[in-house]
$ cat input.cif   # mmCIF, C-alpha atoms
data_my_file
#
loop_
_atom_site.label_atom_id
_atom_site.label_comp_id
_atom_site.auth_asym_id
_atom_site.auth_seq_id
_atom_site.Cartn_x
_atom_site.Cartn_y
_atom_site.Cartn_z
CA MET A 1 13.16 -10.57 3.89
CA VAL A 2 12.72 -14.15 5.12
CA LEU A 3 9.35 -15.87 4.94
CA HIS A 4 8.72 -17.71 8.18
CA ALA A 5 6.56 -20.79 8.53
CA ASN A 6 3.50 -18.75 9.49
CA ASP A 7 3.99 -16.46 6.47
CA LYS A 8 4.14 -19.43 4.11
CA SER A 9 1.03 -20.97 5.57
CA ASN A 10 -0.82 -17.61 5.46
CA VAL A 11 0.15 -17.15 1.80
CA LYS A 12 -0.91 -20.68 0.86
CA ALA A 13 -4.22 -20.22 2.67
CA VAL A 14 -4.97 -16.92 0.92
CA PHE A 15 -4.13 -18.22 -2.53
CA GLY A 16 -6.09 -21.37 -1.78
CA LYS A 17 -9.15 -19.14 -1.36
CA ILE A 18 -8.56 -16.61 -4.16
CA GLY A 19 -6.52 -18.64 -6.66
CA GLY A 20 -9.68 -19.48 -8.58
CA GLN A 21 -10.28 -15.82 -9.39
CA ALA A 22 -6.66 -15.18 -10.23
CA GLU A 23 -7.40 -13.78 -13.70
CA GLU A 24 -9.90 -11.21 -12.45
CA LEU A 25 -7.66 -10.23 -9.56
CA GLY A 26 -4.68 -9.85 -11.88
CA ALA A 27 -6.61 -7.68 -14.32
CA GLU A 28 -8.01 -5.47 -11.56
CA THR A 29 -4.54 -5.15 -10.01
CA LEU A 30 -3.18 -3.82 -13.28
CA GLU A 31 -6.17 -1.52 -13.82
CA ARG A 32 -5.64 -0.02 -10.37
CA MET A 33 -1.89 0.29 -10.90
CA PHE A 34 -2.31 2.16 -14.18
CA ALA A 35 -4.87 4.49 -12.56
CA ALA A 36 -3.00 5.20 -9.34
CA TYR A 37 0.52 5.20 -10.80
CA PRO A 38 0.28 6.45 -14.39
CA GLN A 39 4.06 6.19 -14.82
CA THR A 40 3.65 2.40 -14.89
CA LYS A 41 1.87 2.77 -18.22
CA THR A 42 5.23 3.61 -19.80
CA TYR A 43 6.00 -0.10 -19.88
CA PHE A 44 2.94 -0.78 -22.05
CA PRO A 45 3.03 1.65 -24.99
CA HIS A 46 1.97 -1.24 -27.21
CA PHE A 47 -1.18 -1.97 -25.16
CA ASP A 48 -4.67 -0.61 -25.29
CA LEU A 49 -5.02 0.46 -21.66
CA GLY A 50 -8.65 1.55 -21.91
CA LYS A 51 -11.33 0.17 -19.63
CA GLY A 52 -12.04 -3.51 -20.29
CA SER A 53 -8.98 -3.93 -22.46
CA ALA A 54 -8.50 -7.53 -23.56
CA GLN A 55 -4.73 -7.01 -23.49
CA VAL A 56 -4.83 -5.86 -19.85
CA LYS A 57 -7.03 -8.83 -18.96
CA ALA A 58 -4.63 -11.23 -20.66
CA HIS A 59 -1.63 -9.66 -19.01
CA GLY A 60 -3.35 -9.61 -15.63
CA LYS A 61 -3.92 -13.33 -16.04
CA LYS A 62 -0.19 -13.87 -16.63
CA VAL A 63 0.79 -11.76 -13.62
CA ALA A 64 -1.69 -13.56 -11.38
CA ALA A 65 -0.54 -16.96 -12.63
CA ALA A 66 3.02 -16.08 -11.66
CA LEU A 67 1.89 -15.10 -8.16
CA VAL A 68 -0.06 -18.35 -7.85
CA GLU A 69 3.01 -20.28 -9.02
CA ALA A 70 5.16 -18.51 -6.44
CA ALA A 71 2.60 -19.25 -3.72
CA ASN A 72 2.51 -22.91 -4.74
CA HIS A 73 6.30 -23.04 -4.44
CA VAL A 74 6.67 -20.68 -1.54
CA ASP A 75 9.65 -22.66 -0.23
CA ASP A 76 11.57 -21.90 -3.41
CA ILE A 77 10.20 -18.76 -5.06
CA ALA A 78 13.54 -18.14 -6.79
CA GLY A 79 13.39 -21.57 -8.39
CA ALA A 80 9.75 -21.27 -9.38
CA LEU A 81 10.23 -17.84 -10.99
CA SER A 82 13.72 -18.36 -12.39
CA LYS A 83 12.71 -18.04 -16.03
CA LEU A 84 10.55 -15.01 -15.27
CA SER A 85 13.49 -13.50 -13.42
CA ASP A 86 15.69 -13.98 -16.52
CA LEU A 87 13.01 -12.37 -18.68
CA HIS A 88 12.77 -9.31 -16.45
CA ALA A 89 16.55 -8.91 -16.30
CA GLN A 90 17.30 -9.42 -19.97
CA LYS A 91 14.28 -8.13 -21.80
CA LEU A 92 11.67 -6.32 -19.70
CA ARG A 93 13.96 -4.43 -17.31
CA VAL A 94 11.10 -2.99 -15.30
CA ASP A 95 12.54 -0.60 -12.72
CA PRO A 96 12.53 -2.33 -9.31
CA VAL A 97 10.43 0.42 -7.73
CA ASN A 98 7.42 -0.70 -9.76
CA PHE A 99 7.10 -4.08 -8.07
CA LYS A 100 6.15 -2.30 -4.85
CA LEU A 101 3.45 -0.39 -6.72
CA LEU A 102 2.04 -3.60 -8.19
CA GLY A 103 2.19 -5.19 -4.74
CA GLN A 104 0.26 -2.30 -3.18
CA CYS A 105 -2.46 -2.62 -5.81
CA PHE A 106 -2.68 -6.38 -5.37
CA LEU A 107 -3.17 -5.90 -1.62
CA VAL A 108 -5.89 -3.30 -2.31
CA VAL A 109 -7.66 -5.77 -4.61
CA VAL A 110 -7.55 -8.51 -1.97
CA ALA A 111 -8.68 -6.04 0.72
CA SER A 112 -11.59 -4.75 -1.32
CA ARG A 113 -12.79 -8.18 -2.47
CA HIS A 114 -11.97 -10.28 0.59
CA PRO A 115 -11.72 -7.89 3.57
CA ALA A 116 -12.26 -10.68 6.11
CA LEU A 117 -9.35 -12.64 4.64
CA LEU A 118 -6.88 -9.81 5.07
CA THR A 119 -6.34 -9.87 8.82
CA PRO A 120 -3.31 -7.86 10.02
CA GLU A 121 -1.26 -11.08 10.25
CA VAL A 122 -2.21 -12.20 6.76
CA HIS A 123 -1.61 -8.66 5.47
CA ALA A 124 1.91 -8.78 6.90
CA SER A 125 2.63 -12.20 5.34
CA LEU A 126 1.22 -11.24 1.96
CA ASP A 127 3.21 -8.00 1.94
CA LYS A 128 6.39 -9.96 2.70
CA PHE A 129 5.53 -12.50 -0.01
CA LEU A 130 5.02 -9.77 -2.61
CA CYS A 131 8.35 -8.19 -1.58
CA ALA A 132 10.03 -11.57 -1.97
CA VAL A 133 8.54 -11.99 -5.46
CA GLY A 134 9.77 -8.52 -6.45
CA THR A 135 13.22 -9.30 -5.09
CA VAL A 136 13.39 -12.55 -7.08
CA LEU A 137 12.26 -10.87 -10.29
CA THR A 138 14.93 -8.17 -10.00
CA ALA A 139 17.67 -10.40 -8.57
CA LYS A 140 19.53 -10.86 -11.86
CA TYR A 141 19.37 -7.20 -12.94
CA ARG A 142 23.06 -6.64 -12.26
CA MET B 1 0.81 23.77 -5.68
CA VAL B 2 -1.11 20.54 -6.15
CA HIS B 3 -4.21 20.75 -8.29
CA TRP B 4 -7.35 18.88 -7.26
CA SER B 5 -10.10 18.33 -9.80
CA ALA B 6 -13.74 18.56 -8.80
CA GLU B 7 -13.98 14.79 -9.21
CA GLU B 8 -11.00 14.19 -6.92
CA LYS B 9 -12.44 16.49 -4.25
CA GLN B 10 -15.72 14.57 -4.51
CA LEU B 11 -13.98 11.22 -4.15
CA ILE B 12 -12.09 12.46 -1.10
CA ALA B 13 -15.14 14.00 0.59
CA SER B 14 -17.45 11.07 -0.07
CA VAL B 15 -15.02 8.57 1.43
CA TRP B 16 -13.98 10.77 4.34
CA GLY B 17 -17.60 11.50 5.21
CA LYS B 18 -18.14 7.82 5.95
CA VAL B 19 -14.90 7.14 7.83
CA ASN B 20 -14.96 6.44 11.56
CA VAL B 21 -11.79 8.32 12.41
CA GLU B 22 -11.18 6.53 15.69
CA GLU B 23 -11.64 2.99 14.32
CA CYS B 24 -9.88 3.62 11.05
CA GLY B 25 -6.98 5.46 12.68
CA ALA B 26 -6.50 2.74 15.27
CA GLU B 27 -6.56 0.04 12.62
CA ALA B 28 -4.16 1.85 10.30
CA LEU B 29 -1.60 2.46 13.04
CA ALA B 30 -1.93 -1.10 14.36
CA ARG B 31 -1.38 -2.53 10.88
CA LEU B 32 1.65 -0.26 10.37
CA LEU B 33 3.21 -1.64 13.56
CA ILE B 34 2.32 -5.23 12.60
CA VAL B 35 3.16 -5.23 8.89
CA TYR B 36 6.32 -3.10 9.28
CA PRO B 37 7.48 -3.98 12.80
CA TRP B 38 10.54 -1.74 12.61
CA THR B 39 8.12 1.21 12.90
CA GLN B 40 7.67 0.19 16.54
CA ARG B 41 10.99 1.96 17.16
CA PHE B 42 9.10 5.23 17.66
CA PHE B 43 6.81 3.84 20.32
CA ASP B 44 9.03 2.47 23.11
CA ASN B 45 6.71 3.98 25.70
CA PHE B 46 3.56 2.36 24.34
CA GLY B 47 3.84 -0.75 26.48
CA ASN B 48 2.97 -4.16 25.08
CA LEU B 49 3.58 -4.42 21.33
CA SER B 50 4.73 -8.02 21.48
CA SER B 51 2.12 -9.57 19.18
CA PRO B 52 -0.54 -8.53 16.66
CA THR B 53 -3.20 -9.17 19.33
CA ALA B 54 -1.31 -7.02 21.85
CA ILE B 55 -0.88 -4.23 19.30
CA ILE B 56 -4.53 -4.23 18.22
CA GLY B 57 -5.72 -4.16 21.84
CA ASN B 58 -3.17 -1.59 23.01
CA PRO B 59 -5.04 1.54 24.17
CA LYS B 60 -2.08 3.82 23.40
CA VAL B 61 -2.03 2.54 19.83
CA ARG B 62 -5.75 3.23 19.49
CA ALA B 63 -5.43 6.71 20.96
CA HIS B 64 -2.46 7.62 18.82
CA GLY B 65 -4.09 6.20 15.69
CA LYS B 66 -7.11 8.41 16.33
CA LYS B 67 -4.83 11.44 16.81
CA VAL B 68 -2.97 10.77 13.57
CA LEU B 69 -6.11 10.31 11.50
CA THR B 70 -7.77 13.35 13.08
CA SER B 71 -4.79 15.35 11.88
CA PHE B 72 -5.22 13.80 8.45
CA GLY B 73 -8.75 15.22 8.51
CA GLU B 74 -7.25 18.67 8.94
CA ALA B 75 -5.21 18.08 5.80
CA ILE B 76 -8.39 17.23 3.90
CA LYS B 77 -9.96 20.52 5.04
CA ASN B 78 -6.90 22.43 3.82
CA LEU B 79 -5.99 20.78 0.54
CA GLU B 80 -5.09 24.07 -1.13
CA ASN B 81 -2.81 25.05 1.72
CA LEU B 82 -1.26 21.85 2.94
CA LYS B 83 2.38 22.84 3.36
CA VAL B 84 1.40 25.77 5.58
CA THR B 85 -1.17 23.72 7.51
CA TYR B 86 1.45 21.06 8.28
CA SER B 87 4.41 23.39 8.75
CA LYS B 88 4.66 23.05 12.52
CA LEU B 89 3.83 19.34 12.42
CA SER B 90 6.61 18.83 9.90
CA GLU B 91 9.12 20.59 12.12
CA LEU B 92 7.96 18.52 15.07
CA HIS B 93 8.42 15.23 13.20
CA CYS B 94 11.91 16.27 12.12
CA ASP B 95 13.31 18.06 15.16
CA LYS B 96 11.62 16.35 18.08
CA LEU B 97 10.27 13.02 16.87
CA HIS B 98 13.06 12.22 14.35
CA VAL B 99 10.77 10.24 12.08
CA ASP B 100 12.11 9.18 8.67
CA PRO B 101 9.57 10.52 6.12
CA GLU B 102 9.49 7.08 4.51
CA ASN B 103 7.23 6.15 7.42
CA PHE B 104 4.60 8.64 6.22
CA ARG B 105 4.52 6.83 2.90
CA LEU B 106 4.20 3.45 4.60
CA LEU B 107 1.31 4.67 6.76
CA GLY B 108 -0.39 6.22 3.72
CA ASP B 109 -0.31 2.92 1.85
CA ILE B 110 -1.65 1.07 4.88
CA LEU B 111 -4.48 3.60 5.22
CA ILE B 112 -5.46 2.90 1.61
CA ILE B 113 -5.67 -0.83 2.33
CA VAL B 114 -7.79 -0.20 5.43
CA LEU B 115 -10.13 1.98 3.36
CA ALA B 116 -10.30 -0.68 0.63
CA ALA B 117 -11.28 -3.33 3.18
CA HIS B 118 -13.91 -1.02 4.63
CA PHE B 119 -15.45 0.25 1.41
CA THR B 120 -14.89 -2.90 -0.70
CA LYS B 121 -16.18 -2.46 -4.24
CA ASP B 122 -17.01 1.21 -3.61
CA PHE B 123 -13.28 1.80 -3.33
CA THR B 124 -12.98 1.94 -7.11
CA PRO B 125 -9.72 2.32 -9.03
CA ALA B 126 -10.50 6.04 -9.47
CA CYS B 127 -11.09 6.34 -5.75
CA GLN B 128 -7.83 4.56 -4.96
CA ALA B 129 -5.94 6.73 -7.45
CA THR B 130 -7.24 9.91 -5.79
CA TRP B 131 -6.44 8.66 -2.32
CA GLN B 132 -2.94 7.48 -3.32
CA LYS B 133 -2.39 11.02 -4.59
CA LEU B 134 -3.75 12.43 -1.33
CA VAL B 135 -1.58 10.32 0.96
CA GLY B 136 1.42 11.15 -1.22
CA VAL B 137 0.75 14.86 -0.93
CA VAL B 138 0.22 14.62 2.83
CA ALA B 139 3.48 12.69 3.23
CA HIS B 140 5.28 15.29 1.13
CA ALA B 141 3.85 18.16 3.21
CA LEU B 142 4.89 16.46 6.43
CA ALA B 143 8.42 16.04 5.10
CA HIS B 144 8.60 19.55 3.71
CA LYS B 145 10.26 21.25 6.68
CA TYR B 146 12.89 18.55 7.17
CA HIS B 147 16.47 19.71 7.20
#
$ encode --input "input.cif" --output "structure tokens"
Amino acid sequence: MVLHANDKSNVKAVFGKIGGQAEELGAETLERMFAAYPQTKTYFPHFDLGKGSAQVKAHGKKVAAALVEAANHVDDIAGALSKLSDLHAQKLRVDPVNFKLLGQCFLVVVASRHPALLTPEVHASLDKFLCAVGTVLTAKYR
Amino acid sequence: MVHWSAEEKQLIASVWGKVNVEECGAEALARLLIVYPWTQRFFDNFGNLSSPTAIIGNPKVRAHGKKVLTSFGEAIKNLENLKVTYSKLSELHCDKLHVDPENFRLLGDILIIVLAAHFTKDFTPACQATWQKLVGVVAHALAHKYH
């Protein structure tokens, strides 16, 4: 999945507008993911996953920060997320299928909070971007 | 047999009651063709699909989107009996249309995003969870007769 020039500019534009709320968006993305795809909770047995959980908020902030970082370095996502990629391969080992689920929930959060921002073209670019991030994070799995 | 709680049925009905089937269906299908362009392979006879603008304005896309979402409405009316309700449609998609069931999942996810954009904060996590379950069950029913 190659990000073309228009995809990169769409991604930068979106994150330019929503980057400031990254923490909230990250937390809501996780909340939605745990609700819609309960199997994703298996990666967080050590978390309180109840409503308003401070741990979920903190983790959502981390996830969002990584997406922002990737968007800021959209020409070299692999470079920007290299350490995170190592972490996922060596320690976290989240099954690759789950990155799609997270991506879906992130798109739903953007759609519900910024419907005007998510034109079909931007939707396409953001979907590709999220795929690219998932690919990078699972690239060193084997 | 899939079980639907009273709350889930409520969440489905309350959203569906406010959906403009024609608009929503057209938008969902257009986005499918734009976001996942390889899905255009099933629509060679639809005319101009050369750009997002062309796709969104294409009358065949609009008409077909309405048809698809109208059929989805039938599923909602027959939640307890979905495999039977969709039996012939499943055979059609396998034997005549040759559609990979993965496409049903893609369209389901797109529909959720269209609903989220339409209902904004009313499309709560609980609402999304119920609708993700619904689109999954519909996709499964449509794939059920594949061989």
$ residues_near_point --input "input.cif" --point "(6.2, -13.9, -4.8)" --cutoff "8 Å" --atoms "all atoms listed in the file" --output "number ranges by chain"
A: 66-67, 70-71, 74, 77, 129-134, 136
$ interface_residues --input "input.cif" --of "chain B" --to "chain A" --cutoff "10 Å" --atoms "all atoms listed in the file" --output "ChimeraX atom specification"
/B:27-28,30-37,51-53,56,109-110,112-133
$ atom_distance --input "input.cif" --atom1 "atom CA of Ala139 of chain B" --atom2 "atom CA of Leu107 of chain B"
9.0 Å
$ residues_around --input "input.cif" --residues "Ser85 of chain A" --least-positions-apart "2" --cutoff "8 Å" --atoms "only C-alpha atoms" --output "PyMOL selection string"
chain A and resi 81-83+87-89+136-140
$ resolve_selection --input "input.cif" --expression "the PyMOL selection byres ((chain A and resi 43) around 12)" --output "ChimeraX atom specification"
/A:30,33-34,37-42,44-49,88,91-95,98
$ residues_around --input "input.cif" --residues "Val137 of chain B" --least-positions-apart "2" --cutoff "10 Å" --atoms "all atoms listed in the file" --output "PDB file with C-alpha atoms, in the coordinates of the input"
ATOM      1  CA  VAL B   2      -1.110  20.540  -6.150  1.00  0.00           C
ATOM      2  CA  ALA B  75      -5.210  18.080   5.800  1.00  0.00           C
ATOM      3  CA  LEU B  79      -5.990  20.780   0.540  1.00  0.00           C
ATOM      4  CA  LEU B  82      -1.260  21.850   2.940  1.00  0.00           C
ATOM      5  CA  LYS B  83       2.380  22.840   3.360  1.00  0.00           C
ATOM      6  CA  ARG B 105       4.520   6.830   2.900  1.00  0.00           C
ATOM      7  CA  GLY B 108      -0.390   6.220   3.720  1.00  0.00           C
ATOM      8  CA  TRP B 131      -6.440   8.660  -2.320  1.00  0.00           C
ATOM      9  CA  GLN B 132      -2.940   7.480  -3.320  1.00  0.00           C
ATOM     10  CA  LYS B 133      -2.390  11.020  -4.590  1.00  0.00           C
ATOM     11  CA  LEU B 134      -3.750  12.430  -1.330  1.00  0.00           C
ATOM     12  CA  VAL B 135      -1.580  10.320   0.960  1.00  0.00           C
ATOM     13  CA  ALA B 139       3.480  12.690   3.230  1.00  0.00           C
ATOM     14  CA  HIS B 140       5.280  15.290   1.130  1.00  0.00           C
ATOM     15  CA  ALA B 141       3.850  18.160   3.210  1.00  0.00           C
ATOM     16  CA  LEU B 142       4.890  16.460   6.430  1.00  0.00           C
ATOM     17  CA  ALA B 143       8.420  16.040   5.100  1.00  0.00           C
TER      18      ALA B 143
END
$ atom_distance --input "input.cif" --atom1 "atom CA of Lys12 of chain A" --atom2 "atom CA of His73 of chain A"
9.3 Å
$ residues_around --input "input.cif" --residues "Glu74 of chain B" --least-positions-apart "3" --cutoff "12 Å" --atoms "only C-alpha atoms" --output "ChimeraX atom specification"
/B:16,21,67-71,77-86,89,138
$ write_last_selection --input "input.cif" --atoms "C-alpha atoms" --output "PDB file, keeping the file's coordinate frame"
ATOM      1  CA  TRP B  16     -13.980  10.770   4.340  1.00  0.00           C
ATOM      2  CA  VAL B  21     -11.790   8.320  12.410  1.00  0.00           C
ATOM      3  CA  LYS B  67      -4.830  11.440  16.810  1.00  0.00           C
ATOM      4  CA  VAL B  68      -2.970  10.770  13.570  1.00  0.00           C
ATOM      5  CA  LEU B  69      -6.110  10.310  11.500  1.00  0.00           C
ATOM      6  CA  THR B  70      -7.770  13.350  13.080  1.00  0.00           C
ATOM      7  CA  SER B  71      -4.790  15.350  11.880  1.00  0.00           C
ATOM      8  CA  LYS B  77      -9.960  20.520   5.040  1.00  0.00           C
ATOM      9  CA  ASN B  78      -6.900  22.430   3.820  1.00  0.00           C
ATOM     10  CA  LEU B  79      -5.990  20.780   0.540  1.00  0.00           C
ATOM     11  CA  GLU B  80      -5.090  24.070  -1.130  1.00  0.00           C
ATOM     12  CA  ASN B  81      -2.810  25.050   1.720  1.00  0.00           C
ATOM     13  CA  LEU B  82      -1.260  21.850   2.940  1.00  0.00           C
ATOM     14  CA  LYS B  83       2.380  22.840   3.360  1.00  0.00           C
ATOM     15  CA  VAL B  84       1.400  25.770   5.580  1.00  0.00           C
ATOM     16  CA  THR B  85      -1.170  23.720   7.510  1.00  0.00           C
ATOM     17  CA  TYR B  86       1.450  21.060   8.280  1.00  0.00           C
ATOM     18  CA  LEU B  89       3.830  19.340  12.420  1.00  0.00           C
ATOM     19  CA  VAL B 138       0.220  14.620   2.830  1.00  0.00           C
TER      20      VAL B 138
END
$ closest_residue --input "input.cif" --among "B:Asn103, B:Lys9, B:Gln40, B:Phe46" --to "Ala63 of chain B" --atoms "all atoms listed in the file"
B:Phe46
$ resolve_selection --input "input.cif" --expression "the PyMOL selection byres ((chain B and resi 43) around 12)" --output "MDAnalysis selection string"
chainID B and resid 29:30 32:33 37:42 44:49 55 58 60:61 64 97 99
$ atom_distance --input "input.cif" --atom1 "atom CA of Ala64 of chain A" --atom2 "atom CA of Ala22 of chain A"
5.4 Å
$ closest_residue --input "input.cif" --among "B:Ile76, B:Leu111, B:Asp100, B:Leu106" --to "Ser14 of chain B" --atoms "only C-alpha atoms"
B:Ile76
$ build_atoms --input "input.cif" --residues "segment 23-33 of chain B" --atoms "all heavy atoms" --output "PDB file, in the coordinates of the input"
ATOM      1  N   GLU B  23     -11.840   4.400  14.699  1.00  0.00           N
ATOM      2  CA  GLU B  23     -11.640   2.990  14.320  1.00  0.00           C
ATOM      3  C   GLU B  23     -10.593   2.860  13.226  1.00  0.00           C
ATOM      4  O   GLU B  23      -9.704   2.020  13.283  1.00  0.00           O
ATOM      5  CB  GLU B  23     -12.954   2.401  13.785  1.00  0.00           C
ATOM      6  CG  GLU B  23     -13.996   2.091  14.841  1.00  0.00           C
ATOM      7  CD  GLU B  23     -13.448   1.200  15.943  1.00  0.00           C
ATOM      8  OE1 GLU B  23     -12.668   0.271  15.630  1.00  0.00           O
ATOM      9  OE2 GLU B  23     -13.770   1.468  17.116  1.00  0.00           O
ATOM     10  N   CYS B  24     -10.742   3.681  12.223  1.00  0.00           N
ATOM     11  CA  CYS B  24      -9.880   3.620  11.050  1.00  0.00           C
ATOM     12  C   CYS B  24      -8.442   3.987  11.426  1.00  0.00           C
ATOM     13  O   CYS B  24      -7.484   3.334  10.999  1.00  0.00           O
ATOM     14  CB  CYS B  24     -10.438   4.565  10.013  1.00  0.00           C
ATOM     15  SG  CYS B  24      -9.662   4.407   8.430  1.00  0.00           S
ATOM     16  N   GLY B  25      -8.306   5.025  12.243  1.00  0.00           N
ATOM     17  CA  GLY B  25      -6.980   5.460  12.680  1.00  0.00           C
ATOM     18  C   GLY B  25      -6.295   4.390  13.502  1.00  0.00           C
ATOM     19  O   GLY B  25      -5.119   4.075  13.302  1.00  0.00           O
ATOM     20  N   ALA B  26      -7.053   3.796  14.417  1.00  0.00           N
ATOM     21  CA  ALA B  26      -6.500   2.740  15.270  1.00  0.00           C
ATOM     22  C   ALA B  26      -6.055   1.560  14.412  1.00  0.00           C
ATOM     23  O   ALA B  26      -4.966   1.011  14.602  1.00  0.00           O
ATOM     24  CB  ALA B  26      -7.539   2.274  16.283  1.00  0.00           C
ATOM     25  N   GLU B  27      -6.908   1.182  13.460  1.00  0.00           N
ATOM     26  CA  GLU B  27      -6.560   0.040  12.620  1.00  0.00           C
ATOM     27  C   GLU B  27      -5.337   0.328  11.743  1.00  0.00           C
ATOM     28  O   GLU B  27      -4.458  -0.522  11.589  1.00  0.00           O
ATOM     29  CB  GLU B  27      -7.735  -0.361  11.734  1.00  0.00           C
ATOM     30  CG  GLU B  27      -7.368  -1.620  10.976  1.00  0.00           C
ATOM     31  CD  GLU B  27      -8.501  -2.323  10.291  1.00  0.00           C
ATOM     32  OE1 GLU B  27      -9.659  -1.880  10.441  1.00  0.00           O
ATOM     33  OE2 GLU B  27      -8.198  -3.319   9.617  1.00  0.00           O
ATOM     34  N   ALA B  28      -5.283   1.511  11.178  1.00  0.00           N
ATOM     35  CA  ALA B  28      -4.160   1.850  10.300  1.00  0.00           C
ATOM     36  C   ALA B  28      -2.844   1.828  11.079  1.00  0.00           C
ATOM     37  O   ALA B  28      -1.846   1.247  10.621  1.00  0.00           O
ATOM     38  CB  ALA B  28      -4.381   3.218   9.655  1.00  0.00           C
ATOM     39  N   LEU B  29      -2.842   2.435  12.252  1.00  0.00           N
ATOM     40  CA  LEU B  29      -1.600   2.460  13.040  1.00  0.00           C
ATOM     41  C   LEU B  29      -1.221   1.054  13.492  1.00  0.00           C
ATOM     42  O   LEU B  29      -0.056   0.661  13.424  1.00  0.00           O
ATOM     43  CB  LEU B  29      -1.735   3.393  14.241  1.00  0.00           C
ATOM     44  CG  LEU B  29      -0.424   3.595  15.009  1.00  0.00           C
ATOM     45  CD1 LEU B  29       0.636   4.263  14.144  1.00  0.00           C
ATOM     46  CD2 LEU B  29      -0.656   4.437  16.267  1.00  0.00           C
ATOM     47  N   ALA B  30      -2.214   0.278  13.936  1.00  0.00           N
ATOM     48  CA  ALA B  30      -1.930  -1.100  14.360  1.00  0.00           C
ATOM     49  C   ALA B  30      -1.311  -1.899  13.219  1.00  0.00           C
ATOM     50  O   ALA B  30      -0.313  -2.601  13.395  1.00  0.00           O
ATOM     51  CB  ALA B  30      -3.200  -1.775  14.868  1.00  0.00           C
ATOM     52  N   ARG B  31      -1.913  -1.783  12.035  1.00  0.00           N
ATOM     53  CA  ARG B  31      -1.380  -2.530  10.880  1.00  0.00           C
ATOM     54  C   ARG B  31       0.031  -2.053  10.528  1.00  0.00           C
ATOM     55  O   ARG B  31       0.876  -2.845  10.138  1.00  0.00           O
ATOM     56  CB  ARG B  31      -2.309  -2.405   9.675  1.00  0.00           C
ATOM     57  CG  ARG B  31      -3.511  -3.337   9.787  1.00  0.00           C
ATOM     58  CD  ARG B  31      -4.419  -3.291   8.578  1.00  0.00           C
ATOM     59  NE  ARG B  31      -5.617  -4.090   8.804  1.00  0.00           N
ATOM     60  CZ  ARG B  31      -5.847  -5.283   8.244  1.00  0.00           C
ATOM     61  NH1 ARG B  31      -4.982  -5.810   7.400  1.00  0.00           N
ATOM     62  NH2 ARG B  31      -6.955  -5.942   8.513  1.00  0.00           N
ATOM     63  N   LEU B  32       0.301  -0.762  10.650  1.00  0.00           N
ATOM     64  CA  LEU B  32       1.650  -0.260  10.370  1.00  0.00           C
ATOM     65  C   LEU B  32       2.654  -0.964  11.294  1.00  0.00           C
ATOM     66  O   LEU B  32       3.694  -1.449  10.838  1.00  0.00           O
ATOM     67  CB  LEU B  32       1.718   1.260  10.622  1.00  0.00           C
ATOM     68  CG  LEU B  32       3.079   1.898  10.352  1.00  0.00           C
ATOM     69  CD1 LEU B  32       3.351   2.035   8.858  1.00  0.00           C
ATOM     70  CD2 LEU B  32       3.191   3.271  11.022  1.00  0.00           C
ATOM     71  N   LEU B  33       2.311  -1.051  12.573  1.00  0.00           N
ATOM     72  CA  LEU B  33       3.210  -1.640  13.560  1.00  0.00           C
ATOM     73  C   LEU B  33       3.350  -3.155  13.392  1.00  0.00           C
ATOM     74  O   LEU B  33       4.359  -3.740  13.795  1.00  0.00           O
ATOM     75  CB  LEU B  33       2.713  -1.323  14.981  1.00  0.00           C
ATOM     76  CG  LEU B  33       2.638   0.161  15.329  1.00  0.00           C
ATOM     77  CD1 LEU B  33       1.960   0.362  16.683  1.00  0.00           C
ATOM     78  CD2 LEU B  33       4.018   0.804  15.347  1.00  0.00           C
TER      79      LEU B  33
END
